[in-house]
file structure.cif (mmCIF, C-alpha atoms)
data_data
loop_
_atom_site.label_atom_id
_atom_site.label_comp_id
_atom_site.auth_asym_id
_atom_site.auth_seq_id
_atom_site.Cartn_x
_atom_site.Cartn_y
_atom_site.Cartn_z
CA MET A 14 22.34 -13.62 6.87
CA SER A 15 24.43 -13.28 10.01
CA ASP A 16 22.04 -10.84 11.69
CA VAL A 17 18.83 -12.81 11.07
CA SER A 18 16.13 -12.13 13.64
CA PRO A 19 15.34 -14.77 16.29
CA ARG A 20 11.85 -16.23 16.18
CA ARG A 21 9.16 -13.72 17.12
CA ARG A 22 5.41 -13.72 17.63
CA VAL A 23 4.07 -11.83 14.64
CA THR A 24 0.45 -10.83 14.10
CA LEU A 25 -0.95 -9.66 10.77
CA LEU A 26 -4.08 -7.54 10.96
CA GLY A 27 -5.90 -7.86 7.65
CA ASP A 28 -6.63 -10.96 5.58
CA GLY A 29 -6.41 -9.36 2.13
CA GLY A 30 -3.80 -10.39 -0.39
CA TRP A 31 -0.95 -8.34 1.10
CA GLY A 32 -1.75 -9.18 4.72
CA THR A 33 -1.91 -12.88 3.90
CA THR A 34 1.35 -12.63 1.95
CA LEU A 35 3.18 -10.93 4.81
CA ALA A 36 1.88 -13.61 7.18
CA LEU A 37 3.27 -16.29 4.84
CA LEU A 38 6.58 -14.45 4.58
CA ALA A 39 6.97 -14.24 8.36
CA HIS A 40 5.95 -17.88 8.77
CA ARG A 41 8.53 -19.06 6.23
CA LEU A 42 11.19 -17.31 8.29
CA GLY A 43 10.23 -19.37 11.33
CA HIS A 44 8.21 -16.81 13.27
CA ARG A 45 5.04 -17.73 15.17
CA VAL A 46 2.37 -16.09 13.05
CA THR A 47 -1.26 -15.19 13.64
CA LEU A 48 -3.43 -13.89 10.80
CA TRP A 49 -6.42 -11.80 11.91
CA SER A 50 -9.58 -11.27 9.90
CA ALA A 51 -12.22 -8.69 10.73
CA PHE A 52 -14.93 -11.25 9.99
CA ALA A 53 -15.54 -14.49 11.89
CA SER A 54 -16.96 -16.21 8.80
CA ALA A 55 -13.90 -15.33 6.74
CA ALA A 56 -11.54 -16.55 9.47
CA ALA A 57 -13.46 -19.84 9.68
CA ARG A 58 -13.18 -20.35 5.92
CA LEU A 59 -9.45 -19.63 5.98
CA ARG A 60 -8.93 -22.13 8.81
CA ARG A 61 -10.99 -24.79 7.07
CA ARG A 62 -9.69 -24.38 3.52
CA ARG A 63 -6.15 -23.24 4.32
CA GLU A 64 -6.38 -21.05 1.23
CA ASN A 65 -7.37 -17.42 0.72
CA ARG A 66 -9.52 -18.09 -2.33
CA ARG A 67 -10.80 -14.53 -2.43
CA PHE A 68 -7.43 -12.77 -2.69
CA LEU A 69 -4.70 -15.41 -3.16
CA PRO A 70 -6.27 -18.48 -4.77
CA GLY A 71 -3.96 -21.45 -5.09
CA ILE A 72 -1.57 -20.38 -2.30
CA ARG A 73 -1.63 -22.79 0.64
CA LEU A 74 -1.70 -21.52 4.23
CA PRO A 75 0.31 -23.67 6.66
CA ARG A 76 -1.56 -25.57 9.36
CA THR A 77 0.77 -24.07 11.94
CA MET A 78 -0.35 -20.51 11.10
CA ALA A 79 -3.00 -19.38 13.57
CA ILE A 80 -6.07 -17.68 12.07
CA THR A 81 -8.63 -15.83 14.15
CA ALA A 82 -11.24 -13.07 14.17
CA ASP A 83 -10.68 -12.43 17.89
CA LEU A 84 -8.55 -9.28 18.07
CA SER A 85 -7.56 -9.73 21.72
CA GLN A 86 -6.42 -13.27 21.00
CA ALA A 87 -4.56 -12.19 17.88
CA ILE A 88 -2.42 -9.55 19.56
CA ALA A 89 -1.92 -11.28 22.92
CA GLU A 90 1.82 -11.35 23.66
CA ALA A 91 2.67 -10.32 20.08
CA ASP A 92 6.18 -8.97 19.57
CA VAL A 93 5.23 -7.37 16.25
CA VAL A 94 1.81 -6.29 14.97
CA MET A 95 1.62 -5.50 11.26
CA LEU A 96 -1.34 -3.68 9.74
CA ALA A 97 -2.38 -4.45 6.17
CA ILE A 98 -5.81 -2.85 6.39
CA PRO A 99 -7.49 -0.64 3.76
CA SER A 100 -6.96 2.98 4.75
CA PRO A 101 -10.66 3.80 5.40
CA TYR A 102 -10.73 1.23 8.22
CA VAL A 103 -7.37 1.79 9.88
CA ARG A 104 -8.52 4.24 12.54
CA SER A 105 -11.43 2.15 13.78
CA ILE A 106 -9.27 -0.95 14.13
CA VAL A 107 -6.27 0.84 15.66
CA ARG A 108 -8.59 2.40 18.21
CA ARG A 109 -9.46 -1.12 19.37
CA LEU A 110 -5.78 -1.73 20.14
CA ARG A 111 -5.70 0.86 22.92
CA GLY A 112 -4.62 -0.70 26.18
CA ARG A 113 -4.33 -4.18 24.62
CA LEU A 114 -0.77 -4.19 23.29
CA ALA A 115 2.05 -5.60 25.39
CA ALA A 116 4.74 -3.13 26.38
CA GLY A 117 7.35 -2.76 23.64
CA THR A 118 5.24 -4.28 20.87
CA LEU A 119 6.44 -3.03 17.48
CA LEU A 120 3.82 -1.79 15.03
CA VAL A 121 4.31 -1.84 11.28
CA SER A 122 1.97 -0.20 8.79
CA ALA A 123 1.86 -1.90 5.40
CA THR A 124 -1.16 0.12 4.23
CA LYS A 125 -0.70 2.13 1.03
CA GLY A 126 -3.28 4.87 1.23
CA LEU A 127 -4.43 8.05 2.94
CA GLU A 128 -7.31 8.35 5.38
CA PRO A 129 -10.41 9.61 3.57
CA GLY A 130 -11.56 12.97 4.84
CA THR A 131 -8.47 13.86 6.87
CA GLN A 132 -5.85 12.96 4.21
CA ARG A 133 -3.65 11.66 7.06
CA ARG A 134 -0.96 9.08 6.46
CA THR A 135 -1.51 5.76 8.24
CA SER A 136 1.37 6.32 10.65
CA GLU A 137 -0.20 9.64 11.64
CA VAL A 138 -3.48 7.88 12.38
CA ILE A 139 -1.72 5.23 14.48
CA LEU A 140 0.24 7.76 16.52
CA GLN A 141 -2.83 9.92 16.99
CA GLU A 142 -4.79 6.97 18.39
CA LEU A 143 -2.05 5.15 20.35
CA GLY A 144 0.45 7.84 21.29
CA ARG A 145 4.20 7.29 21.13
CA VAL A 146 4.59 3.65 20.13
CA PRO A 147 7.50 1.95 18.32
CA LEU A 148 6.34 2.29 14.72
CA ALA A 149 7.61 1.59 11.20
CA VAL A 150 6.08 1.70 7.73
CA LEU A 151 6.68 -0.84 4.97
CA SER A 152 6.35 -0.04 1.27
CA GLY A 153 7.76 -1.00 -2.09
CA PRO A 154 7.08 -2.56 -5.50
CA ASN A 155 5.37 -5.67 -4.19
CA ILE A 156 2.63 -7.51 -6.08
CA ALA A 157 1.25 -9.78 -3.35
CA ARG A 158 0.97 -12.95 -5.42
CA GLU A 159 4.55 -12.72 -6.68
CA VAL A 160 5.90 -12.36 -3.13
CA ALA A 161 3.63 -15.17 -1.92
CA GLU A 162 4.97 -17.42 -4.66
CA GLY A 163 8.54 -16.71 -3.57
CA HIS A 164 9.67 -14.51 -6.46
CA PRO A 165 12.43 -11.99 -5.61
CA ALA A 166 11.26 -8.58 -4.43
CA GLY A 167 12.55 -5.53 -2.59
CA ALA A 168 10.94 -3.07 -0.19
CA VAL A 169 11.73 -0.26 2.26
CA VAL A 170 11.02 -0.16 5.98
CA ALA A 171 11.07 3.36 7.43
CA SER A 172 10.97 4.60 11.00
CA ARG A 173 11.98 7.73 12.84
CA ARG A 174 13.75 5.34 15.21
CA PRO A 175 16.59 3.68 13.27
CA ALA A 176 16.70 0.74 15.68
CA VAL A 177 13.04 -0.05 14.96
CA ALA A 178 13.64 -0.05 11.21
CA ARG A 179 16.62 -2.37 11.63
CA ARG A 180 14.60 -4.78 13.81
CA ILE A 181 11.87 -5.07 11.18
CA GLN A 182 14.53 -5.48 8.49
CA ARG A 183 16.00 -8.43 10.40
CA LEU A 184 12.52 -9.82 11.05
CA LEU A 185 11.43 -10.10 7.40
CA MET A 186 14.50 -9.99 5.16
CA HIS A 187 15.78 -13.07 3.36
CA GLU A 188 17.09 -14.02 -0.07
CA GLN A 189 13.67 -13.66 -1.77
CA PHE A 190 12.65 -10.45 0.01
CA ARG A 191 15.31 -7.77 0.34
CA LEU A 192 14.58 -4.91 2.75
CA TYR A 193 16.27 -1.53 2.94
CA THR A 194 15.90 0.90 5.85
CA SER A 195 15.02 4.58 5.76
CA ALA A 196 14.34 7.41 8.19
CA ASP A 197 11.97 9.15 5.75
CA VAL A 198 8.58 7.95 6.98
CA ILE A 199 6.74 10.73 5.14
CA GLY A 200 8.36 10.02 1.78
CA VAL A 201 8.01 6.24 2.02
CA GLU A 202 4.33 6.44 2.96
CA LEU A 203 3.49 9.03 0.33
CA GLY A 204 5.32 7.06 -2.34
CA GLY A 205 3.19 4.01 -1.56
CA ALA A 206 -0.03 6.03 -1.61
CA LEU A 207 0.42 8.50 -4.47
CA LYS A 208 1.48 5.93 -7.02
CA ASN A 209 -2.02 4.41 -6.91
CA PRO A 210 -3.96 7.14 -8.79
CA LEU A 211 -1.05 7.35 -11.25
CA ALA A 212 -1.40 3.62 -11.87
CA ILE A 213 -5.06 4.29 -12.65
CA ALA A 214 -3.85 6.81 -15.26
CA ALA A 215 -1.53 4.18 -16.76
CA GLY A 216 -4.40 1.70 -16.86
CA ILE A 217 -6.61 4.24 -18.61
CA ALA A 218 -3.89 4.72 -21.23
CA ASP A 219 -3.76 0.96 -21.78
CA GLY A 220 -7.55 0.74 -21.92
CA LEU A 221 -7.53 3.39 -24.63
CA GLY A 222 -4.82 1.47 -26.50
CA LEU A 223 -2.36 4.37 -26.42
CA GLY A 224 0.83 2.27 -26.43
CA ALA A 225 4.18 2.27 -24.64
CA ASN A 226 5.03 5.92 -25.27
CA ALA A 227 1.98 7.14 -23.37
CA LYS A 228 2.67 4.84 -20.44
CA ALA A 229 6.30 5.99 -20.28
CA ALA A 230 5.08 9.57 -20.12
CA VAL A 231 2.70 8.70 -17.26
CA VAL A 232 5.51 7.05 -15.30
CA THR A 233 8.12 9.77 -15.80
CA ARG A 234 5.80 12.74 -15.29
CA GLY A 235 3.98 10.85 -12.56
CA ILE A 236 7.09 10.49 -10.42
CA VAL A 237 7.55 14.25 -10.75
CA GLU A 238 4.08 14.79 -9.33
CA MET A 239 4.71 12.36 -6.46
CA ALA A 240 7.98 14.06 -5.56
CA ARG A 241 6.54 17.55 -5.92
CA LEU A 242 3.78 16.92 -3.37
CA GLY A 243 5.94 14.67 -1.19
CA VAL A 244 8.69 17.25 -0.77
CA ALA A 245 6.11 19.95 -0.06
CA MET A 246 4.81 17.75 2.76
CA GLY A 247 8.24 17.13 4.27
CA GLY A 248 9.47 14.05 2.44
CA ARG A 249 12.98 13.75 0.98
CA LEU A 250 13.40 14.06 -2.77
CA ARG A 251 15.70 11.05 -3.08
CA THR A 252 13.09 8.78 -1.48
CA PHE A 253 10.87 9.17 -4.53
CA TRP A 254 13.58 7.82 -6.84
CA GLY A 255 13.79 4.67 -4.72
CA LEU A 256 11.78 1.49 -4.18
CA SER A 257 8.83 3.11 -2.43
CA GLY A 258 8.54 5.81 -5.10
CA LEU A 259 9.68 5.08 -8.64
CA GLY A 260 9.94 1.34 -7.97
CA ASP A 261 6.37 1.01 -6.72
CA LEU A 262 5.08 3.33 -9.44
CA VAL A 263 6.61 1.23 -12.22
CA THR A 264 5.17 -1.98 -10.77
CA THR A 265 1.66 -0.65 -10.32
CA CYS A 266 1.65 0.96 -13.76
CA LEU A 267 2.29 -2.51 -15.22
CA ALA A 268 -0.03 -4.63 -13.07
CA GLY A 269 -2.24 -4.67 -10.02
CA ARG A 270 -5.73 -3.60 -9.00
CA ASN A 271 -5.29 0.16 -9.63
CA HIS A 272 -3.99 -0.41 -13.16
CA TRP A 273 -6.84 -2.87 -13.77
CA LEU A 274 -9.44 -0.33 -12.67
CA GLY A 275 -7.97 2.31 -14.98
CA GLU A 276 -7.90 -0.15 -17.87
CA GLN A 277 -11.59 -0.90 -17.35
CA LEU A 278 -12.41 2.82 -17.33
CA GLY A 279 -10.42 3.32 -20.51
CA ARG A 280 -12.52 0.60 -22.14
CA GLY A 281 -15.70 2.46 -21.32
CA ARG A 282 -16.93 0.94 -18.05
CA THR A 283 -18.22 3.16 -15.25
CA LEU A 284 -16.45 3.46 -11.91
CA ARG A 285 -19.50 2.09 -10.12
CA SER A 286 -19.65 -1.05 -12.24
CA VAL A 287 -15.93 -1.71 -11.89
CA LEU A 288 -15.96 -1.35 -8.10
CA ALA A 289 -19.06 -3.53 -7.83
CA SER A 290 -17.32 -6.33 -9.74
CA THR A 291 -14.44 -6.86 -7.29
CA PRO A 292 -14.13 -7.59 -3.55
CA MET A 293 -10.86 -5.65 -3.41
CA VAL A 294 -10.49 -2.16 -2.00
CA ILE A 295 -8.78 -0.11 -4.72
CA GLU A 296 -6.85 2.52 -2.77
CA GLY A 297 -6.17 4.78 -5.76
CA VAL A 298 -9.79 5.92 -5.95
CA GLU A 299 -9.90 7.67 -2.57
CA THR A 300 -6.22 8.57 -2.79
CA ALA A 301 -6.94 10.61 -5.94
CA ARG A 302 -9.41 12.66 -3.91
CA ALA A 303 -7.02 13.00 -0.95
CA ALA A 304 -4.02 13.87 -3.15
CA LEU A 305 -5.89 16.67 -4.88
CA ALA A 306 -6.96 18.12 -1.52
CA LEU A 307 -3.35 17.97 -0.30
CA ALA A 308 -2.09 19.56 -3.51
CA ARG A 309 -4.42 22.51 -3.04
CA ARG A 310 -3.42 22.83 0.61
CA HIS A 311 0.29 22.86 -0.28
CA GLU A 312 -0.19 24.86 -3.51
CA VAL A 313 1.39 22.36 -5.92
CA GLU A 314 0.21 21.15 -9.31
CA LEU A 315 -0.66 17.49 -10.01
CA PRO A 316 -1.93 17.53 -13.61
CA ILE A 317 -2.18 13.76 -14.12
CA ILE A 318 -3.81 13.06 -10.76
CA GLU A 319 -6.18 15.99 -11.35
CA GLN A 320 -7.39 14.39 -14.59
CA VAL A 321 -7.72 10.99 -12.90
CA HIS A 322 -9.86 12.70 -10.25
CA ALA A 323 -12.01 14.24 -12.99
CA VAL A 324 -12.57 10.83 -14.61
CA LEU A 325 -13.39 9.18 -11.28
CA PHE A 326 -15.60 11.80 -9.68
CA ARG A 327 -16.71 14.33 -12.28
CA GLY A 328 -17.71 12.06 -15.12
CA ARG A 329 -15.00 13.25 -17.52
CA ALA A 330 -14.45 10.87 -20.42
CA PRO A 331 -10.95 9.33 -20.42
CA GLN A 332 -10.29 10.65 -23.95
CA ARG A 333 -11.16 14.19 -22.83
CA ALA A 334 -8.85 13.85 -19.83
CA LEU A 335 -6.03 12.88 -22.17
CA GLN A 336 -6.75 15.88 -24.38
CA ALA A 337 -6.66 18.18 -21.35
CA LEU A 338 -3.18 16.90 -20.46
CA MET A 339 -1.83 17.15 -24.00
CA ARG A 340 -3.13 20.69 -24.47
CA ARG A 341 -1.44 22.13 -21.41
CA ALA A 342 0.89 25.03 -22.10
CA GLY A 343 4.48 24.14 -22.97
CA ARG A 344 7.12 24.34 -20.26
CA GLY A 345 10.61 23.17 -19.36
CA GLU A 346 11.02 19.63 -18.11
CA ALA A 347 12.94 20.44 -14.92
#
call {"tool": "encode", "arguments": {"input": "structure.cif", "output": "structure tokens"}}
result
Amino acid sequence: MSDVSPRRRVTLLGDGGWGTTLALLAHRLGHRVTLWSAFASAAARLRRRRENRRFLPGIRLPRTMAITADLSQAIAEADVVMLAIPSPYVRSIVRRLRGRLAAGTLLVSATKGLEPGTQRRTSEVILQELGRVPLAVLSGPNIAREVAEGHPAGAVVASRRPAVARRIQRLLMHEQFRLYTSADVIGVELGGALKNPLAIAAGIADGLGLGANAKAAVVTRGIVEMARLGVAMGGRLRTFWGLSGLGDLVTTCLAGRNHWLGEQLGRGRTLRSVLASTPMVIEGVETARAALALARRHEVELPIIEQVHAVLFRGRAPQRALQALMRRAGRGEA
């Protein structure tokens, strides 16, 4: 690449699978990388083992990658700060960044969820807490382990400031990770968030043993629901046919933590038992609640997500949720 970014100081906030993967990606491109964990004990284990056994077992972390639980140390003199934090915790951590960021530091949200209670997108939370800062969002069909292992992948980086999006594109793009730019922050963020409860629906279908036809219906009608709400909230229709919409939906309906949760529910397990059996935050659970609240606010229908919400929070059996969808009145496709 002729426009490859010079070496930068990049900090990743969040030591989950995606945060660790983005730290590895930046390190492989020659940037000076710091990975921040919210917990001192977790940071100590990562430094000692040089492996994130909890979220990315078997992937080695370079000795030259700094790892810390000290937030001030992590962001000191950083050129770019990327957030890969579960949506319920974004506000509390971003609030701690006030007055600590160097002038001109770029912020990138790689969180795929909506804030519980407020239903705000992560970029809205960041701007509300920090004011007008250079900000981009990153989303796309990216299973963390596949990217960490160096398999080809694509994603979208969106910012209302085109120059910011281009800088992040240059920072992270290489032959195994292709980045496209966009100005549609709303659409890119909503694509990354709304696909999660739909992936739960696809997992439920697999858990019930419904076959490929049912999953295809979830994907194709699911993207309609994503676009319907996204456009009502100010996103661009074409964004939902791209990597952060349809692309991410297809990926998560085939694999990943949201699909896995749905599959377990389809096999008869309770939500409580599934969540208790994993250390991962499964964004689709709270996003189903947030999406339904947004749908009511914007007066749009989300039939699949509504049934996922009923399974998650109202005790509806997965088979009954399927029947409710199949018995809806006939209508035109468009």
call {"tool": "atom_distance", "arguments": {"input": "structure.cif", "atom1": "atom CA of A:Arg41", "atom2": "atom CA of A:Ile72"}}
result
13.3 Å
call {"tool": "closest_residue", "arguments": {"input": "structure.cif", "among": "A:Arg60, A:Arg333, A:Arg109, A:Arg76", "to": "A:Ile88", "atoms": "only C-alpha atoms"}}
result
A:Arg109
call {"tool": "atom_distance", "arguments": {"input": "structure.cif", "atom1": "atom CA of A:Thr233", "atom2": "atom CA of A:Ala337"}}
result
17.9 Å
call {"tool": "residues_around", "arguments": {"input": "structure.cif", "residues": "A:Ala89", "least_positions_apart": "4", "cutoff": "9 Å", "atoms": "all atoms listed in the file", "output": "list of chain:residue names"}}
result
A:Leu84, A:Ser85, A:Arg113, A:Leu114, A:Ala115
call {"tool": "resolve_selection", "arguments": {"input": "structure.cif", "expression": "the PyMOL selection byres ((chain A and resi 99) around 8)", "output": "PDB file with C-alpha atoms, keeping the file's coordinate frame"}}
result
ATOM      1  CA  ALA A  97      -2.380  -4.450   6.170  1.00  0.00           C
ATOM      2  CA  ILE A  98      -5.810  -2.850   6.390  1.00  0.00           C
ATOM      3  CA  SER A 100      -6.960   2.980   4.750  1.00  0.00           C
ATOM      4  CA  PRO A 101     -10.660   3.800   5.400  1.00  0.00           C
ATOM      5  CA  TYR A 102     -10.730   1.230   8.220  1.00  0.00           C
ATOM      6  CA  VAL A 103      -7.370   1.790   9.880  1.00  0.00           C
ATOM      7  CA  THR A 124      -1.160   0.120   4.230  1.00  0.00           C
ATOM      8  CA  LYS A 125      -0.700   2.130   1.030  1.00  0.00           C
ATOM      9  CA  GLY A 126      -3.280   4.870   1.230  1.00  0.00           C
ATOM     10  CA  VAL A 294     -10.490  -2.160  -2.000  1.00  0.00           C
ATOM     11  CA  GLU A 296      -6.850   2.520  -2.770  1.00  0.00           C
TER      12      GLU A 296
END
call {"tool": "resolve_selection", "arguments": {"input": "structure.cif", "expression": "the PyMOL selection byres ((chain A and resi 321) around 8)", "output": "PyMOL selection string"}}
result
chain A and resi 210-211+213-214+301+317-320+322-325+334
call {"tool": "residues_around", "arguments": {"input": "structure.cif", "residues": "stretch 149-158 of chain A", "least_positions_apart": "3", "cutoff": "7 Å", "atoms": "only C-alpha atoms", "output": "ChimeraX atom specification"}}
result
/A:30-31,34,69,120-123,161-162,166-172,177-178,198,201-202,205,256-257,260-261,264,269
call {"tool": "closest_residue", "arguments": {"input": "structure.cif", "among": "A:Leu274, A:Ala82, A:Leu259, A:Ala227", "to": "A:Lys208", "atoms": "all atoms listed in the file"}}
result
A:Leu259
call {"tool": "closest_residue", "arguments": {"input": "structure.cif", "among": "A:Cys266, A:Leu74, A:Met293, A:Val287", "to": "A:Ala230", "atoms": "all atoms listed in the file"}}
result
A:Cys266
call {"tool": "atom_distance", "arguments": {"input": "structure.cif", "atom1": "atom CA of A:Gly204", "atom2": "atom CA of A:Met239"}}
result
6.7 Å
call {"tool": "residues_around", "arguments": {"input": "structure.cif", "residues": "A:Gly222", "least_positions_apart": "5", "cutoff": "10 Å", "atoms": "only C-alpha atoms", "output": "list in words"}}
result
Gly216, Ile217, Ala227, Glu276, Gly279 and Arg280 of chain A
call {"tool": "resolve_selection", "arguments": {"input": "structure.cif", "expression": "the PyMOL selection byres ((chain A and resi 229) around 12)", "output": "number ranges by chain"}}
result
A: 211-212, 214-215, 218-219, 223-228, 230-236, 262-263, 266-267
call {"tool": "residues_near_point", "arguments": {"input": "structure.cif", "point": "(14.9, -4.9, 16.9)", "cutoff": "12 Å", "atoms": "all atoms listed in the file", "output": "PyMOL selection string"}}
result
chain A and resi 16-21+92-93+117-120+147-149+172+174-185
call {"tool": "closest_residue", "arguments": {"input": "structure.cif", "among": "A:Leu42, A:Val298, A:Ala51, A:Ala342", "to": "A:Gly29", "atoms": "all atoms listed in the file"}}
result
A:Ala51
call {"tool": "closest_residue", "arguments": {"input": "structure.cif", "among": "A:Leu221, A:Leu242, A:Val237, A:Ile106", "to": "A:Arg282", "atoms": "all atoms listed in the file"}}
result
A:Leu221
call {"tool": "closest_residue", "arguments": {"input": "structure.cif", "among": "A:Arg63, A:Arg249, A:Arg73, A:His164", "to": "A:Asp197", "atoms": "all atoms listed in the file"}}
result
A:Arg249
call {"tool": "residues_around", "arguments": {"input": "structure.cif", "residues": "A:Arg285", "least_positions_apart": "4", "cutoff": "12 Å", "atoms": "all atoms listed in the file", "output": "ChimeraX atom specification"}}
result
/A:274,277-278,281,289-291,298,325-326,328
call {"tool": "decode", "arguments": {"input": "structure.cif", "residues": "stretch 262-276 of chain A", "atoms": "N, CA and C atoms", "output": "JSON list (two decimals), in the first residue's frame"}}
result
[["chain", "number", "residue", "atom", "x", "y", "z"],
["A", 262, "LEU", "N", -24.30, -9.57, 9.48],
["A", 262, "LEU", "CA", -25.43, -10.43, 9.80],
["A", 262, "LEU", "C", -25.18, -11.86, 9.34],
["A", 263, "VAL", "N", -24.69, -12.04, 8.12],
["A", 263, "VAL", "CA", -24.40, -13.38, 7.62],
["A", 263, "VAL", "C", -23.39, -14.08, 8.52],
["A", 264, "THR", "N", -22.31, -13.37, 8.86],
["A", 264, "THR", "CA", -21.27, -13.98, 9.68],
["A", 264, "THR", "C", -21.80, -14.43, 11.03],
["A", 265, "THR", "N", -22.55, -13.54, 11.70],
["A", 265, "THR", "CA", -23.00, -13.87, 13.05],
["A", 265, "THR", "C", -24.15, -14.88, 13.04],
["A", 266, "CYS", "N", -24.83, -15.03, 11.92],
["A", 266, "CYS", "CA", -25.85, -16.07, 11.83],
["A", 266, "CYS", "C", -25.24, -17.44, 11.56],
["A", 267, "LEU", "N", -23.95, -17.48, 11.24],
["A", 267, "LEU", "CA", -23.25, -18.74, 11.02],
["A", 267, "LEU", "C", -22.42, -19.16, 12.22],
["A", 268, "ALA", "N", -21.90, -18.16, 12.96],
["A", 268, "ALA", "CA", -20.98, -18.47, 14.05],
["A", 268, "ALA", "C", -20.95, -17.30, 15.02],
["A", 269, "GLY", "N", -20.31, -17.53, 16.16],
["A", 269, "GLY", "CA", -20.15, -16.45, 17.13],
["A", 269, "GLY", "C", -21.01, -16.65, 18.36],
["A", 270, "ARG", "N", -20.79, -15.78, 19.35],
["A", 270, "ARG", "CA", -21.41, -15.97, 20.66],
["A", 270, "ARG", "C", -22.92, -15.79, 20.65],
["A", 271, "ASN", "N", -23.45, -14.87, 19.81],
["A", 271, "ASN", "CA", -24.90, -14.67, 19.77],
["A", 271, "ASN", "C", -25.60, -15.88, 19.15],
["A", 272, "HIS", "N", -25.03, -16.40, 18.08],
["A", 272, "HIS", "CA", -25.58, -17.61, 17.46],
["A", 272, "HIS", "C", -25.53, -18.76, 18.45],
["A", 273, "TRP", "N", -24.42, -18.89, 19.16],
["A", 273, "TRP", "CA", -24.27, -19.98, 20.14],
["A", 273, "TRP", "C", -25.34, -19.89, 21.22],
["A", 274, "LEU", "N", -25.58, -18.69, 21.74],
["A", 274, "LEU", "CA", -26.61, -18.53, 22.75],
["A", 274, "LEU", "C", -27.97, -18.97, 22.22],
["A", 275, "GLY", "N", -28.32, -18.51, 21.00],
["A", 275, "GLY", "CA", -29.59, -18.90, 20.42],
["A", 275, "GLY", "C", -29.70, -20.40, 20.24],
["A", 276, "GLU", "N", -28.60, -21.02, 19.81],
["A", 276, "GLU", "CA", -28.61, -22.48, 19.62],
["A", 276, "GLU", "C", -28.88, -23.19, 20.93]]
